[in-house]
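Undergrad: Shown below is the structure under consideration.
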Amino acid sequence: MIRVGIIGIGRHGERHAKAYRKLEARGAPLELAGLYDADQEKARHAGAAFDVPVFDDFDGMLRSIDALSVAVPTSRHHDIVIQALK
């Protein structure tokens, strides 16, 4: 089972979450295991909508997942990915 997290829960992050839920429903060996967004209110709303844990900090989510969807603005991808790889 691959535990997947999403950073950024705007329009693209919601698309990622919907896609992961569809894959789960079709029997894919993955679990949508966490969300993180700097806007914690937005993250909590999405967490409730997708029934997924919301993390207060990005590093905390990274310790709980195996794979990451990066759904932040493109200009932030590099820093996020480098942090996740470390």
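Ligands are numbered from 1 in the order shown, chains are lettered A, B, ... in the order of the structure tokens, and residues start at 1 in each chain.
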Show which residues sit within 10 Å of Gly5 in chain A, as a ChimeraX atom specification. Count only C-alpha atoms, and ignore same-chain residues fewer than 5 positions away.
TA: /A:16-17,20,31-36,52-55,58,61-62,64-70
Undergrad: Going by DSSP on the backbone, which bits of chain A are strand (DSSP E or B)? Write them as a ChimeraX atom specification, please.
TA: /A:2-7,30-36,54,67-70
Undergrad: Next, dump the selected residues to file, keeping only N, CA, C and O atoms, as a short mmCIF file (atom, residue, chain, number, x, y, z; two decimals), in the first residue's frame.
TA:
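In the end it all went to again04.cif:
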```
data_model
loop_
_atom_site.label_atom_id
_atom_site.label_comp_id
_atom_site.auth_asym_id
_atom_site.auth_seq_id
_atom_site.Cartn_x
_atom_site.Cartn_y
_atom_site.Cartn_z
N ILE A 2 0.67 2.13 -0.92
CA ILE A 2 1.42 3.38 -1.01
C ILE A 2 0.59 4.49 -0.39
O ILE A 2 -0.54 4.74 -0.80
N ARG A 3 1.15 5.12 0.63
CA ARG A 3 0.47 6.22 1.33
C ARG A 3 0.86 7.53 0.65
O ARG A 3 2.03 7.89 0.65
N VAL A 4 -0.13 8.22 0.07
CA VAL A 4 0.11 9.43 -0.71
C VAL A 4 -0.37 10.65 0.06
O VAL A 4 -1.44 10.63 0.67
N GLY A 5 0.41 11.73 -0.02
CA GLY A 5 0.02 13.01 0.54
C GLY A 5 -0.03 14.06 -0.55
O GLY A 5 0.60 13.91 -1.60
N ILE A 6 -0.77 15.11 -0.28
CA ILE A 6 -0.88 16.22 -1.23
C ILE A 6 -0.49 17.49 -0.51
O ILE A 6 -1.02 17.78 0.57
N ILE A 7 0.41 18.26 -1.11
CA ILE A 7 0.71 19.60 -0.60
C ILE A 7 0.10 20.60 -1.56
O ILE A 7 0.32 20.53 -2.77
N LEU A 30 -3.16 2.10 -3.12
CA LEU A 30 -2.73 3.36 -2.53
C LEU A 30 -3.79 3.87 -1.58
O LEU A 30 -4.93 3.43 -1.60
N GLU A 31 -3.34 4.79 -0.74
CA GLU A 31 -4.24 5.42 0.23
C GLU A 31 -3.94 6.90 0.26
O GLU A 31 -2.77 7.29 0.41
N LEU A 32 -4.94 7.73 0.10
CA LEU A 32 -4.77 9.16 0.29
C LEU A 32 -4.63 9.36 1.79
O LEU A 32 -5.58 9.21 2.55
N ALA A 33 -3.41 9.65 2.23
CA ALA A 33 -3.08 9.59 3.65
C ALA A 33 -2.85 10.94 4.32
O ALA A 33 -2.62 10.98 5.53
N GLY A 34 -2.91 12.03 3.56
CA GLY A 34 -2.72 13.31 4.22
C GLY A 34 -2.73 14.48 3.27
O GLY A 34 -2.44 14.36 2.08
N LEU A 35 -3.10 15.63 3.84
CA LEU A 35 -3.12 16.89 3.11
C LEU A 35 -2.36 17.92 3.93
O LEU A 35 -2.41 17.91 5.16
N TYR A 36 -1.70 18.82 3.23
CA TYR A 36 -1.12 19.98 3.89
C TYR A 36 -1.28 21.18 2.97
O TYR A 36 -1.06 21.09 1.77
N VAL A 54 -5.46 15.92 7.97
CA VAL A 54 -4.83 17.19 7.64
C VAL A 54 -3.66 17.39 8.61
O VAL A 54 -3.81 17.19 9.81
N ALA A 67 4.62 8.78 -0.86
CA ALA A 67 4.64 9.51 -2.14
C ALA A 67 3.93 10.85 -1.93
O ALA A 67 3.10 10.99 -1.05
N LEU A 68 4.30 11.82 -2.79
CA LEU A 68 3.79 13.17 -2.63
C LEU A 68 3.30 13.74 -3.95
O LEU A 68 3.99 13.65 -4.96
N SER A 69 2.12 14.33 -3.92
CA SER A 69 1.62 15.14 -5.04
C SER A 69 1.90 16.59 -4.70
O SER A 69 1.48 17.07 -3.64
N VAL A 70 2.60 17.27 -5.58
CA VAL A 70 2.92 18.68 -5.37
C VAL A 70 1.93 19.51 -6.18
O VAL A 70 1.98 19.51 -7.41
#
```
Undergrad: To one decimal in Å, tell me the separation between CA of Gly8 in chain A and CA of Gly27 in chain A.
TA: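 Result for CA of Gly8 in chain A versus CA of Gly27 in chain A: 25.0 Å, one decimal.
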Undergrad: I'd like to know which of A:Lys22, A:Asp57, A:Pro73, A:Val81 is closest to Ala43 in chain A, using only C-alpha atoms.
TA: A:Asp57
Undergrad: Write out as a ChimeraX atom specification all residues of chain A that DSSP puts in helix (DSSP H, G or I) for this structure's backbone.
TA: /A:11-25,40-50,58-62,74-85
Undergrad: Could you please determine the separation between CA of Ala38 in chain A and CA of Ala25 in chain A in Å, to one decimal place?
TA: 28.4 Å
Undergrad: Quick one: pull the distance between CA of Ala84 in chain A and CA of Asp39 in chain A, Å, one decimal.
TA: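 These atoms are spaced 19.1 Å apart.
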Undergrad: Taking only C-alpha atoms into account, name the residue in A:Ala28, A:Lys18, A:Val72, A:Leu23 that is nearest to Phe50 in chain A.
TA: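 Ranked by minimum distance to Phe50 in chain A, first place goes to A:Lys18.
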